[in-house]
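Novice: Sending over structure.txt (compact mmCIF, C-alpha atoms).
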```
# COMPACT_ATOMS: atom_id res chain seq x y z
CA MET A 96 -4.35 41.01 -8.26
CA ASN A 97 -2.19 42.92 -10.73
CA VAL A 98 1.06 41.66 -12.20
CA LEU A 99 3.25 43.85 -10.01
CA ILE A 100 1.84 42.54 -6.71
CA LEU A 101 1.77 38.96 -7.96
CA THR A 102 5.42 39.27 -9.05
CA ILE A 103 6.47 40.60 -5.64
CA LEU A 104 4.58 37.87 -3.74
CA ILE A 105 5.90 35.05 -5.92
CA GLY A 106 9.39 36.53 -5.73
CA LEU A 107 9.29 36.59 -1.93
CA GLY A 108 7.92 33.05 -1.72
CA SER A 109 10.60 31.81 -4.10
CA SER A 110 13.38 33.48 -2.09
CA VAL A 111 12.22 31.63 1.02
CA ALA A 112 12.02 28.38 -1.00
CA GLY A 113 15.53 28.90 -2.38
CA TYR A 114 16.89 29.79 1.06
CA LEU A 115 15.45 26.73 2.80
CA GLY A 116 16.23 24.50 -0.16
CA SER A 117 19.90 25.38 -0.11
CA LEU A 118 20.21 25.29 3.69
CA THR A 119 18.74 21.81 3.86
CA GLY A 120 20.28 20.56 0.63
CA LEU A 121 16.87 19.42 -0.59
CA GLY A 122 16.66 21.99 -3.40
CA GLY A 123 14.14 24.80 -3.77
CA GLY A 124 12.30 23.22 -6.70
CA PHE A 125 10.34 21.04 -4.35
CA ILE A 126 8.44 23.96 -2.85
CA ILE A 127 8.03 25.93 -6.06
CA ILE A 128 5.46 23.65 -7.69
CA PRO A 129 3.20 23.26 -4.61
CA MET A 130 3.55 26.99 -3.92
CA LEU A 131 2.50 27.99 -7.44
CA THR A 132 -0.31 25.46 -7.81
CA LEU A 133 -1.76 25.36 -4.29
CA ALA A 134 -1.22 28.96 -3.14
CA PHE A 135 -1.40 30.90 -6.41
CA GLY A 136 -3.71 28.60 -8.38
CA VAL A 137 -1.30 28.29 -11.31
CA ASP A 138 -1.90 25.47 -13.82
CA ILE A 139 0.56 22.66 -13.10
CA ARG A 140 2.02 22.85 -16.61
CA TYR A 141 3.14 26.45 -16.10
CA ALA A 142 4.39 25.46 -12.63
CA ILE A 143 6.48 22.59 -14.03
CA GLY A 144 8.05 24.79 -16.72
CA THR A 145 8.84 27.50 -14.19
CA SER A 146 10.28 25.08 -11.67
CA LEU A 147 12.51 23.43 -14.25
CA ILE A 148 14.08 26.80 -15.11
CA ALA A 149 14.58 27.56 -11.41
CA VAL A 150 16.28 24.17 -11.05
CA ILE A 151 18.77 25.03 -13.81
CA ALA A 152 19.55 28.35 -12.15
CA THR A 153 20.18 26.97 -8.65
CA SER A 154 22.06 23.92 -9.88
CA SER A 155 24.43 25.98 -12.03
CA GLY A 156 24.98 28.47 -9.22
CA ALA A 157 25.70 25.77 -6.64
CA ALA A 158 27.73 23.61 -9.04
CA ALA A 159 30.05 26.55 -9.66
CA ALA A 160 30.99 26.51 -5.98
CA TYR A 161 31.16 22.71 -5.65
CA VAL A 162 33.32 22.20 -8.75
CA ARG A 163 35.92 24.65 -7.54
CA GLU A 164 36.17 22.84 -4.21
CA GLY A 165 37.00 19.65 -6.09
CA PHE A 166 34.21 17.37 -4.83
CA SER A 167 32.49 16.82 -8.18
CA ASN A 168 33.65 13.96 -10.38
CA ILE A 169 33.30 15.31 -13.90
CA ARG A 170 33.79 11.94 -15.65
CA ILE A 171 31.16 10.16 -13.57
CA GLY A 172 28.82 13.10 -14.08
CA MET A 173 29.28 13.15 -17.83
CA PHE A 174 28.88 9.40 -18.24
CA LEU A 175 25.69 9.27 -16.16
CA GLU A 176 24.31 12.30 -18.01
CA ILE A 177 23.80 9.95 -20.98
CA ALA A 178 21.10 8.31 -18.87
CA THR A 179 19.66 11.45 -17.27
CA THR A 180 19.41 13.53 -20.47
CA ALA A 181 17.86 10.71 -22.49
CA GLY A 182 15.49 10.05 -19.58
CA ALA A 183 14.63 13.75 -19.33
CA VAL A 184 13.58 13.91 -22.99
CA VAL A 185 11.34 10.86 -22.46
CA GLY A 186 9.95 12.48 -19.29
CA ALA A 187 9.15 15.74 -21.10
CA PHE A 188 7.24 13.88 -23.82
CA LEU A 189 5.37 11.96 -21.12
CA ALA A 190 4.46 15.26 -19.46
CA LEU A 191 2.88 16.44 -22.71
CA ARG A 192 0.66 13.35 -22.84
CA LEU A 193 -0.29 12.55 -19.25
CA PRO A 194 -3.39 14.20 -17.71
CA THR A 195 -2.43 17.01 -15.31
CA HIS A 196 -4.16 15.33 -12.35
CA ALA A 197 -1.98 12.28 -12.79
CA ILE A 198 1.11 14.51 -12.84
CA ALA A 199 0.00 16.12 -9.57
CA VAL A 200 -0.42 12.71 -7.92
CA ILE A 201 2.96 11.42 -9.20
CA PHE A 202 4.57 14.65 -8.03
CA GLY A 203 3.18 14.15 -4.52
CA LEU A 204 4.40 10.56 -4.35
CA VAL A 205 7.89 11.42 -5.62
CA LEU A 206 8.06 14.34 -3.19
CA MET A 207 7.27 12.09 -0.23
CA ASN A 208 9.78 9.51 -1.35
CA SER A 209 12.49 12.14 -1.77
CA ALA A 210 11.85 13.52 1.70
CA TYR A 211 12.24 9.98 3.04
CA LEU A 212 15.41 9.30 1.01
CA SER A 213 17.16 12.42 2.16
CA SER A 214 16.23 11.90 5.80
CA ARG A 215 18.13 8.61 6.07
CA PRO A 216 21.41 8.66 7.94
CA GLN A 217 24.58 8.55 5.84
CA ASP A 218 26.49 5.30 5.92
CA GLU A 219 30.13 5.82 5.06
CA SER A 220 31.22 2.24 5.90
CA ARG A 221 30.36 0.89 2.47
CA ARG A 222 32.99 3.06 0.75
CA THR A 223 35.49 1.26 -1.35
CA GLN A 224 39.03 1.88 -2.53
CA ALA A 225 38.98 -0.49 -5.48
CA SER A 226 36.88 0.14 -8.58
CA ASP A 227 35.30 -2.83 -10.34
CA ARG A 228 36.41 -3.51 -13.92
CA PHE A 229 33.74 -1.51 -15.70
CA ALA A 230 34.28 1.55 -13.54
CA ALA A 231 38.03 1.26 -13.99
CA LEU A 232 37.59 1.07 -17.75
CA LEU A 233 35.60 4.30 -17.55
CA LYS A 234 38.34 5.95 -15.44
CA MET A 235 35.83 6.89 -12.76
CA ASN A 236 37.92 6.64 -9.61
CA GLY A 237 39.05 9.93 -8.14
CA THR A 238 40.07 11.86 -5.07
CA TYR A 239 38.30 14.38 -2.89
CA PRO A 240 39.64 16.94 -0.44
CA THR A 241 39.62 16.20 3.30
CA PRO A 242 41.24 18.11 6.18
CA HIS A 243 44.06 15.52 5.97
CA GLY A 244 44.71 16.00 2.27
CA PRO A 245 43.17 14.36 -0.82
CA LYS A 246 41.54 10.96 -0.27
CA SER A 247 41.02 8.50 -3.10
CA TYR A 248 37.90 6.44 -3.74
CA GLY A 249 36.79 3.64 -6.06
CA VAL A 250 33.51 3.11 -7.88
CA ARG A 251 31.23 0.04 -8.14
CA SER A 252 28.03 -1.07 -9.90
CA VAL A 253 27.98 1.41 -12.76
CA PRO A 254 25.07 -0.33 -14.58
CA ALA A 255 22.83 -0.11 -11.50
CA GLY A 256 23.73 3.54 -11.04
CA PHE A 257 23.08 4.16 -14.74
CA GLY A 258 19.61 2.60 -14.51
CA LEU A 259 18.67 4.69 -11.47
CA MET A 260 19.93 7.78 -13.28
CA ALA A 261 17.63 7.06 -16.22
CA ILE A 262 14.71 7.00 -13.76
CA ALA A 263 15.94 10.25 -12.21
CA GLY A 264 16.01 11.77 -15.69
CA VAL A 265 12.45 10.71 -16.52
CA LEU A 266 11.17 12.12 -13.21
CA SER A 267 13.05 15.37 -13.79
CA GLY A 268 11.57 15.81 -17.26
CA LEU A 269 8.08 14.75 -16.19
CA LEU A 270 7.81 16.86 -13.03
CA GLY A 271 10.17 19.78 -13.60
CA ILE A 272 12.33 18.90 -10.60
CA GLY A 273 16.05 18.22 -10.22
CA SER A 274 15.43 14.76 -8.66
CA GLY A 275 18.63 15.18 -6.69
CA ALA A 276 17.50 12.61 -4.11
CA VAL A 277 17.37 9.80 -6.68
CA LYS A 278 20.68 10.93 -8.18
CA VAL A 279 22.35 10.84 -4.78
CA LEU A 280 20.79 7.42 -4.15
CA ALA A 281 22.30 6.10 -7.38
CA MET A 282 25.80 7.34 -6.61
CA ASP A 283 25.83 7.07 -2.83
CA GLN A 284 24.10 3.70 -2.45
CA ALA A 285 24.59 1.85 -5.74
CA MET A 286 27.97 3.13 -6.85
CA ARG A 287 29.28 3.56 -3.29
CA LEU A 288 30.72 7.02 -3.79
CA PRO A 289 31.55 9.18 -0.76
CA PHE A 290 28.53 11.23 0.27
CA LYS A 291 30.06 14.62 -0.51
CA VAL A 292 31.17 13.45 -3.95
CA SER A 293 27.64 12.14 -4.60
CA THR A 294 25.92 15.36 -3.62
CA ALA A 295 28.39 17.58 -5.49
CA THR A 296 28.27 15.47 -8.65
CA SER A 297 24.48 15.24 -8.42
CA ASN A 298 24.24 19.00 -8.24
CA PHE A 299 26.61 19.26 -11.17
CA MET A 300 24.36 16.95 -13.22
CA ILE A 301 21.01 18.51 -12.34
CA GLY A 302 21.47 21.56 -14.59
CA VAL A 303 22.32 19.47 -17.65
CA THR A 304 19.46 17.06 -16.97
CA ALA A 305 16.99 19.92 -16.62
CA ALA A 306 18.29 21.65 -19.75
CA ALA A 307 17.54 18.46 -21.72
CA SER A 308 13.79 18.87 -21.16
CA ALA A 309 13.72 22.69 -20.97
CA GLY A 310 13.88 23.10 -24.74
CA ILE A 311 10.84 20.87 -25.23
CA TYR A 312 8.92 22.73 -22.49
CA LEU A 313 9.84 26.06 -24.06
CA ASN A 314 8.58 24.91 -27.43
CA LYS A 315 5.27 23.69 -26.00
CA GLY A 316 4.61 26.99 -24.25
CA TYR A 317 5.11 25.74 -20.66
CA ILE A 318 7.54 28.54 -19.84
CA ASP A 319 5.84 31.86 -19.19
CA PRO A 320 8.37 34.71 -18.92
CA VAL A 321 6.34 36.88 -16.55
CA LEU A 322 5.69 34.01 -14.13
CA THR A 323 9.21 32.59 -14.35
CA MET A 324 11.05 35.88 -13.81
CA PRO A 325 10.30 36.35 -10.07
CA VAL A 326 10.73 32.63 -9.39
CA VAL A 327 14.18 32.40 -10.98
CA LEU A 328 15.47 35.61 -9.42
CA GLY A 329 13.92 34.82 -6.01
CA VAL A 330 15.27 31.29 -5.87
CA LEU A 331 18.74 32.46 -6.95
CA ILE A 332 18.93 35.16 -4.28
CA GLY A 333 17.48 32.83 -1.64
CA SER A 334 19.87 29.99 -2.38
CA MET A 335 22.87 32.32 -2.40
CA LEU A 336 21.94 33.54 1.07
CA GLY A 337 21.31 29.97 2.17
CA ALA A 338 24.73 28.82 1.01
CA ARG A 339 26.31 31.68 2.95
CA HIS A 340 24.52 30.69 6.18
CA LEU A 341 25.11 27.00 5.65
CA PHE A 342 27.67 26.59 8.40
CA GLY A 343 26.08 28.95 10.87
CA VAL A 344 22.83 27.14 11.65
CA GLU A 345 21.72 23.86 13.09
CA THR A 346 20.79 22.07 9.86
CA ARG A 347 19.54 18.84 11.45
CA LYS A 348 16.60 20.50 13.12
CA LEU A 349 15.89 22.52 10.02
CA ARG A 350 15.88 19.40 7.85
CA THR A 351 13.31 17.79 10.10
CA ILE A 352 11.01 20.81 9.96
CA PHE A 353 11.50 21.15 6.22
CA GLY A 354 10.85 17.42 5.77
CA ALA A 355 7.56 17.75 7.64
CA VAL A 356 6.53 20.72 5.47
CA ILE A 357 7.33 18.67 2.37
CA VAL A 358 5.19 15.73 3.52
CA VAL A 359 2.22 18.06 4.10
CA LEU A 360 2.67 19.69 0.69
CA ALA A 361 3.01 16.29 -0.98
CA ALA A 362 -0.19 15.04 0.68
CA GLN A 363 -1.99 18.15 -0.51
CA MET A 364 -0.76 17.69 -4.08
CA ILE A 365 -1.95 14.07 -4.08
CA TYR A 366 -5.29 15.10 -2.61
CA SER A 367 -5.89 17.89 -5.11
CA GLY A 368 -4.82 15.64 -7.99
CA LEU A 369 -7.15 12.82 -6.94
CA LYS A 370 -10.01 15.23 -6.28
CA GLY A 371 -9.70 16.77 -9.74
CA TRP A 372 -9.44 13.32 -11.23
CA ILE A 373 -12.51 11.87 -9.57
CA ILE A 374 -14.78 14.90 -9.93
CA LYS A 375 -13.92 15.41 -13.60
CA MET B 288 44.26 0.34 -13.18
CA ASN B 289 45.28 3.89 -12.43
CA THR B 290 43.80 6.93 -14.07
CA ALA B 291 45.99 8.42 -16.78
CA VAL B 292 44.67 11.91 -16.26
CA PRO B 293 47.00 14.26 -14.38
CA ALA B 294 45.27 15.80 -11.37
CA SER B 295 46.36 19.34 -12.27
CA MET B 296 44.64 19.09 -15.65
CA ASN B 297 41.41 17.99 -14.01
CA HIS B 298 41.67 20.79 -11.50
CA ARG B 299 42.22 23.43 -14.17
CA MET B 300 39.17 22.15 -16.00
CA GLU B 301 37.16 22.34 -12.79
CA VAL B 302 38.17 25.95 -12.19
CA ILE B 303 37.23 26.97 -15.73
CA ILE B 304 33.89 25.13 -15.58
CA GLY B 305 33.11 26.78 -12.24
CA ALA B 306 33.81 30.24 -13.65
CA LEU B 307 31.73 29.53 -16.75
CA LEU B 308 28.71 28.39 -14.71
CA ARG B 309 28.91 31.41 -12.44
CA ALA B 310 29.21 33.83 -15.36
CA GLY B 311 26.30 32.16 -17.16
CA VAL B 312 24.00 32.45 -14.16
CA VAL B 313 24.93 36.07 -13.38
CA PHE B 314 24.59 37.15 -17.02
CA SER B 315 21.27 35.44 -17.68
CA GLY B 316 19.90 36.57 -14.31
CA SER B 317 20.75 40.17 -15.24
CA VAL B 318 18.98 39.90 -18.61
CA VAL B 319 15.91 38.38 -16.91
CA PHE B 320 15.93 41.19 -14.33
CA LEU B 321 16.24 43.87 -17.01
CA GLY B 322 13.41 42.32 -19.02
CA GLY B 323 11.32 42.16 -15.84
CA LEU B 324 11.83 45.88 -15.21
CA VAL B 325 10.83 46.72 -18.79
CA TYR B 326 7.75 44.51 -18.61
CA LEU B 327 6.57 45.67 -15.19
CA SER B 328 7.07 49.35 -16.01
CA ARG B 329 4.75 48.94 -18.99
CA HIS B 330 2.28 46.28 -17.87
CA GLY B 331 2.64 46.12 -14.06
CA LEU B 332 -0.92 47.21 -13.38
CA GLU B 333 -2.60 44.75 -15.73
CA THR B 334 -3.97 41.44 -14.48
CA VAL B 335 -2.89 37.95 -15.48
CA ASP B 336 -4.42 34.54 -15.07
CA TYR B 337 -2.39 31.35 -14.93
CA ARG B 338 -5.25 29.13 -13.80
CA VAL B 339 -6.02 28.00 -17.31
CA PHE B 340 -3.16 26.76 -19.42
CA GLN B 341 -3.12 28.44 -22.81
CA GLY B 342 0.49 27.98 -23.77
CA GLU B 343 2.74 30.84 -24.73
CA PRO B 344 2.40 32.81 -27.97
CA GLU B 345 4.25 31.04 -30.77
CA ASP B 346 6.80 33.87 -30.84
CA LEU B 347 8.04 33.15 -27.31
CA CYS B 348 8.47 29.41 -27.88
CA HIS B 349 11.50 29.20 -30.12
CA VAL B 350 14.95 30.68 -30.45
CA GLY B 351 14.27 32.82 -33.55
CA GLY B 352 11.06 34.41 -32.25
CA ILE B 353 12.58 35.12 -28.85
CA ALA B 354 15.59 36.83 -30.42
CA LYS B 355 13.31 39.00 -32.55
CA ASN B 356 11.20 40.04 -29.56
CA ALA B 357 14.23 40.72 -27.41
CA LEU B 358 15.86 42.87 -30.10
CA ALA B 359 12.66 44.93 -30.23
CA LEU B 360 13.22 45.40 -26.45
CA HIS B 361 9.89 43.83 -25.53
CA GLY B 362 9.89 42.93 -21.83
CA ARG B 363 8.64 39.38 -22.31
CA GLY B 364 11.09 38.80 -25.15
CA LEU B 365 14.00 40.01 -23.01
CA ILE B 366 13.03 37.78 -20.07
CA GLN B 367 12.69 34.81 -22.38
CA LEU B 368 16.11 35.59 -23.89
CA GLY B 369 17.61 35.60 -20.40
CA LEU B 370 15.97 32.22 -19.73
CA LEU B 371 17.43 30.93 -23.01
CA PHE B 372 20.90 31.99 -21.84
CA LEU B 373 20.22 30.17 -18.59
CA ILE B 374 19.24 26.97 -20.46
CA ALA B 375 22.35 27.40 -22.60
CA THR B 376 24.66 27.59 -19.57
CA PRO B 377 24.77 23.82 -18.89
CA LEU B 378 25.04 23.33 -22.65
CA ALA B 379 28.13 25.54 -22.75
CA ARG B 380 29.52 23.57 -19.81
CA VAL B 381 29.12 20.31 -21.76
CA ALA B 382 30.68 21.87 -24.87
CA LEU B 383 33.65 23.03 -22.80
CA SER B 384 34.11 19.52 -21.40
CA LEU B 385 34.13 18.24 -24.98
CA PHE B 386 37.17 20.38 -25.75
CA ALA B 387 38.86 19.36 -22.51
CA PHE B 388 38.38 15.64 -23.23
CA ALA B 389 39.55 16.11 -26.82
CA TYR B 390 42.64 17.91 -25.52
CA GLN B 391 43.32 14.94 -23.22
CA ARG B 392 42.82 12.62 -26.23
CA ASP B 393 40.19 10.73 -24.28
CA LYS B 394 38.17 9.27 -27.17
CA LEU B 395 35.72 7.43 -24.95
CA TYR B 396 34.68 10.58 -23.11
CA VAL B 397 34.64 12.64 -26.30
CA ALA B 398 32.01 10.19 -27.57
CA VAL B 399 30.09 10.30 -24.27
CA THR B 400 30.11 14.10 -24.27
CA LEU B 401 29.05 14.29 -27.93
CA PHE B 402 26.00 12.17 -27.13
CA VAL B 403 24.96 14.39 -24.23
CA LEU B 404 25.54 17.53 -26.30
CA GLY B 405 23.45 16.02 -29.11
CA VAL B 406 20.50 15.39 -26.76
CA LEU B 407 20.69 18.96 -25.42
CA ILE B 408 20.78 20.50 -28.90
CA TYR B 409 17.93 18.26 -30.05
CA SER B 410 15.79 19.50 -27.15
CA LEU B 411 16.64 23.15 -27.67
CA LEU B 412 15.88 23.07 -31.40
CA TYR B 413 12.84 20.80 -31.01
CA ARG B 414 9.89 22.08 -33.10
```
Could you render the structure as C-alpha cells?
Specialist:
Amino acid sequence: MNVLILTILIGLGSSVAGYLGSLTGLGGGFIIIPMLTLAFGVDIRYAIGTSLIAVIATSSGAAAAYVREGFSNIRIGMFLEIATTAGAVVGAFLALRLPTHAIAVIFGLVLMNSAYLSSRPQDESRRTQASDRFAALLKMNGTYPTPHGPKSYGVRSVPAGFGLMAIAGVLSGLLGIGSGAVKVLAMDQAMRLPFKVSTATSNFMIGVTAAASAGIYLNKGYIDPVLTMPVVLGVLIGSMLGARHLFGVETRKLRTIFGAVIVVLAAQMIYSGLKGWIIK
Amino acid sequence: MNTAVPASMNHRMEVIIGALLRAGVVFSGSVVFLGGLVYLSRHGLETVDYRVFQGEPEDLCHVGGIAKNALALHGRGLIQLGLLFLIATPLARVALSLFAFAYQRDKLYVAVTLFVLGVLIYSLLYR
C-alpha cells in the first residue's frame, strides 16, 4: 500500500473516530490506538505518539467552545494540572521502559474501565453549595450557566481529587490518551462538582496534560509526521461535525453501541498483548 | 468565604482563552495540512512500514531540527512544525493564564501556574 492510499484510509477512519468520540463524549483517542495497531498493524509506540497529538487537537478545539460557554472552572483546572502534568511526565518515562505488550494489555484494561465509568448514570444529588476549608482557600467555588441564570456550586475533597488526577496523568502519559473518564470521576465523584462543570473542566485540562508528555514522545521519535497528519486532521474534522450534530441525535443509544465497540476493541488489545507476551 | 474575583474578569479571561485555543488549532492544522500536501505530492507513491518501530530521524525529534527542516520546506519538517504549534497551544493557554492571575494579584495561582508551565517547558525541551 502506498503512502497516499494509507493516508486516505487512516484519515477516513480517524474522521469516524473523531465524529463518534465527540457525539458520545468519550473522545476519539480511544479508537485511534486500536485502529492503528489492530487494523493497520502500526507499532504501538507510533500509535501512542499519534493518539496523544490527536488528543491535544480535539481537546483544544472542544475546550475553546466549552470555555466560552462558561462551564469550565479555570482555577480548579489549573490547580489539578499540577497533578496531571507531573503524572504525565512520569507516565511518558514509564512508556519508554515498559515492554510494548504490557502497554497493550494495560491499554485494554483502562479502555474497559473507562467505558464502564462513562456508562454510569449521573447522580446530581450529591452536589454541594458549601466548599470545605481547603477548597475555599483555593478559591475553587464558582457558578455555571443554567436556563434560570447562573447557579453557584461548592467544592469538596480536593486531596482525593488531586490524587485521582495524578493517576489520570500517569495513564495519559503512558497510553497516549486523554483519560477524560478518570478526570471526570475525580471532579464529579470526589470533588462533587456539577457534571457539566466536570466534563468541561476535564476537557480543558486534557490538552495541557497531553502536552506535558508530548515533548518527551517527540524527542524519543514516537511521533511520525506522515502517520500523524491524517489522524490529526481526520479527528479534528470528525469531532467538529460531531459537535455540530450533538443535539440532533439520540445520544443514549449511540453511547451504548459505542460502549460495546470499545469493549470489543479493548478485549482484542488485551488478547494481542498477551499473545505477543507469551509467544515471545 | 467568598471569592474575591469579579465574575466579569473571569469571563473576559475565558473569552480570550477560547479564542486563543481556537486560533492555535486552526493555525497548526493548516500548517500540518500544507506539509501533508507537500509530502504527498513528492512521496505519495512510495511505501511505508510502521510495523517495526525505528524512531524518527534525529532531525525531526527536537525544536531546532524541525525548524530547520520546515524552513527548507520539506514536507515532513512542515508537518512536524505544525504539530509543534499544536503542542504549544495548551502551553500558550497556560502562559496566558499566568498573566491573568498576575493581573489579579493572585499569588497562589501565579505559583500554581508557574509550576505547570515549568513542567510543560521541561517536557518540550527534554533531550
Novice: Using only C-alpha atoms for the distances, tell me which of A:Gly316, A:Gly271, A:Pro254, A:Pro242 is nearest to chain B.
Specialist: A:Gly316
Novice: Kindly provide, as a PyMOL selection string, the residues of chain B having any atom no farther than 7 Å from an atom of chain A, counting only C-alpha atoms.
Specialist: chain B and resi 288+290+301-302+305-306+308-309+312+316+319+323+327+331-335+337-340+342-343+348-349+363+366-367+373-374+377-378+399-400+402-403+406-407+410-414
Novice: Quick check, in Å to one decimal: how far apart do CA of Gly337 in chain A and CA of Tyr114 in chain A lie?
Specialist: 4.6 Å
Novice: To one decimal in Å, tell me the separation between CA of Val150 in chain A and CA of Gly405 in chain B.
Specialist: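 Spanning CA of Val150 in chain A to CA of Gly405 in chain B is a straight-line distance of 21.1 Å.
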Novice: Mind pulling up the distance from CA of Gly369 in chain B to CA of Leu191 in chain A?
Specialist: 24.3 Å
Novice: Give me the residues within 7 Å of Ile262 in chain A as an NGL selection string, counting all atoms listed in the file and dropping any in the same chain fewer than 4 places off.
Specialist: :A and (182 or 258 or 266)
Novice: Which is closer to Gly275 in chain A than all the others in A:Ser247, A:Ser214, A:Ser252, A:Ser209, using only C-alpha atoms?
Specialist: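 Smallest separation from Gly275 in chain A among the options: A:Ser209.
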Novice: Tell me which protein, DNA and RNA residues are within 8 Å of range 192-205 of chain A, counting all atoms listed in the file, leaving out same-chain ones fewer than 5 positions away, and put them as a VMD selection string.
Specialist: chain A and resid 139 to 140 269 to 270 360 to 369 371 to 372
Novice: Selection from above, C-alpha atoms, as an mmCIF file, keeping the file's coordinate frame, can you write it?
Specialist:
```
data_model
loop_
_atom_site.group_PDB
_atom_site.id
_atom_site.type_symbol
_atom_site.label_atom_id
_atom_site.label_comp_id
_atom_site.auth_asym_id
_atom_site.auth_seq_id
_atom_site.Cartn_x
_atom_site.Cartn_y
_atom_site.Cartn_z
ATOM 1 C CA ILE A 139 0.560 22.660 -13.100
ATOM 2 C CA ARG A 140 2.020 22.850 -16.610
ATOM 3 C CA LEU A 269 8.080 14.750 -16.190
ATOM 4 C CA LEU A 270 7.810 16.860 -13.030
ATOM 5 C CA LEU A 360 2.670 19.690 0.690
ATOM 6 C CA ALA A 361 3.010 16.290 -0.980
ATOM 7 C CA ALA A 362 -0.190 15.040 0.680
ATOM 8 C CA GLN A 363 -1.990 18.150 -0.510
ATOM 9 C CA MET A 364 -0.760 17.690 -4.080
ATOM 10 C CA ILE A 365 -1.950 14.070 -4.080
ATOM 11 C CA TYR A 366 -5.290 15.100 -2.610
ATOM 12 C CA SER A 367 -5.890 17.890 -5.110
ATOM 13 C CA GLY A 368 -4.820 15.640 -7.990
ATOM 14 C CA LEU A 369 -7.150 12.820 -6.940
ATOM 15 C CA GLY A 371 -9.700 16.770 -9.740
ATOM 16 C CA TRP A 372 -9.440 13.320 -11.230
#
```
Novice: Pick the closest to Leu321 in chain B from B:Leu347, B:Ala375, B:Ala357, B:Ala382: which is it, counting all atoms listed in the file?
Specialist: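 Once distances to Leu321 in chain B are computed over all atoms listed in the file, the minimum belongs to B:Ala357.
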Novice: For a cut-off of 12 Å around (31.6, 6.6, -2.4), file coordinates, pick out all residues using only C-alpha atoms and list them as an mmCIF file with C-alpha atoms, in the frame of the given file.
Specialist:
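Saved result, selection06.cif, follows:
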```
data_model
loop_
_atom_site.group_PDB
_atom_site.id
_atom_site.type_symbol
_atom_site.label_atom_id
_atom_site.label_comp_id
_atom_site.auth_asym_id
_atom_site.auth_seq_id
_atom_site.Cartn_x
_atom_site.Cartn_y
_atom_site.Cartn_z
ATOM 1 C CA PHE A 166 34.210 17.370 -4.830
ATOM 2 C CA SER A 167 32.490 16.820 -8.180
ATOM 3 C CA ASN A 168 33.650 13.960 -10.380
ATOM 4 C CA ILE A 171 31.160 10.160 -13.570
ATOM 5 C CA GLN A 217 24.580 8.550 5.840
ATOM 6 C CA ASP A 218 26.490 5.300 5.920
ATOM 7 C CA GLU A 219 30.130 5.820 5.060
ATOM 8 C CA SER A 220 31.220 2.240 5.900
ATOM 9 C CA ARG A 221 30.360 0.890 2.470
ATOM 10 C CA ARG A 222 32.990 3.060 0.750
ATOM 11 C CA THR A 223 35.490 1.260 -1.350
ATOM 12 C CA GLN A 224 39.030 1.880 -2.530
ATOM 13 C CA ALA A 225 38.980 -0.490 -5.480
ATOM 14 C CA SER A 226 36.880 0.140 -8.580
ATOM 15 C CA MET A 235 35.830 6.890 -12.760
ATOM 16 C CA ASN A 236 37.920 6.640 -9.610
ATOM 17 C CA GLY A 237 39.050 9.930 -8.140
ATOM 18 C CA THR A 238 40.070 11.860 -5.070
ATOM 19 C CA TYR A 239 38.300 14.380 -2.890
ATOM 20 C CA LYS A 246 41.540 10.960 -0.270
ATOM 21 C CA SER A 247 41.020 8.500 -3.100
ATOM 22 C CA TYR A 248 37.900 6.440 -3.740
ATOM 23 C CA GLY A 249 36.790 3.640 -6.060
ATOM 24 C CA VAL A 250 33.510 3.110 -7.880
ATOM 25 C CA ARG A 251 31.230 0.040 -8.140
ATOM 26 C CA SER A 252 28.030 -1.070 -9.900
ATOM 27 C CA VAL A 279 22.350 10.840 -4.780
ATOM 28 C CA LEU A 280 20.790 7.420 -4.150
ATOM 29 C CA ALA A 281 22.300 6.100 -7.380
ATOM 30 C CA MET A 282 25.800 7.340 -6.610
ATOM 31 C CA ASP A 283 25.830 7.070 -2.830
ATOM 32 C CA GLN A 284 24.100 3.700 -2.450
ATOM 33 C CA ALA A 285 24.590 1.850 -5.740
ATOM 34 C CA MET A 286 27.970 3.130 -6.850
ATOM 35 C CA ARG A 287 29.280 3.560 -3.290
ATOM 36 C CA LEU A 288 30.720 7.020 -3.790
ATOM 37 C CA PRO A 289 31.550 9.180 -0.760
ATOM 38 C CA PHE A 290 28.530 11.230 0.270
ATOM 39 C CA LYS A 291 30.060 14.620 -0.510
ATOM 40 C CA VAL A 292 31.170 13.450 -3.950
ATOM 41 C CA SER A 293 27.640 12.140 -4.600
ATOM 42 C CA THR A 294 25.920 15.360 -3.620
ATOM 43 C CA ALA A 295 28.390 17.580 -5.490
ATOM 44 C CA THR A 296 28.270 15.470 -8.650
#
```
Novice: Pick the closest to Leu401 in chain B from B:Leu371, B:Ile303, B:His361, B:Leu385: which is it, counting all atoms listed in the file?
Specialist: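 Of all the options, B:Leu385 lies closest to Leu401 in chain B.
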Novice: Mind dumping range 371-376 of chain B from that block, keeping N, CA, C and O atoms, as a short mmCIF file (atom, residue, chain, number, x, y, z; two decimals), in the first residue's frame?
Specialist:
```
data_model
loop_
_atom_site.label_atom_id
_atom_site.label_comp_id
_atom_site.auth_asym_id
_atom_site.auth_seq_id
_atom_site.Cartn_x
_atom_site.Cartn_y
_atom_site.Cartn_z
N LEU B 371 4.22 20.81 16.35
CA LEU B 371 4.84 21.59 17.44
C LEU B 371 3.95 22.75 17.86
O LEU B 371 3.77 23.01 19.05
N PHE B 372 3.38 23.44 16.86
CA PHE B 372 2.45 24.54 17.17
C PHE B 372 1.27 24.02 17.97
O PHE B 372 0.78 24.66 18.89
N LEU B 373 0.81 22.81 17.59
CA LEU B 373 -0.33 22.22 18.28
C LEU B 373 0.02 21.92 19.74
O LEU B 373 -0.76 22.21 20.65
N ILE B 374 1.23 21.37 19.96
CA ILE B 374 1.67 21.09 21.33
C ILE B 374 1.83 22.39 22.11
O ILE B 374 1.58 22.46 23.31
N ALA B 375 2.22 23.45 21.38
CA ALA B 375 2.45 24.74 22.05
C ALA B 375 1.16 25.46 22.39
O ALA B 375 1.16 26.38 23.20
N THR B 376 0.04 25.04 21.79
CA THR B 376 -1.23 25.74 22.04
C THR B 376 -1.66 25.68 23.51
O THR B 376 -1.94 26.72 24.11
#
```
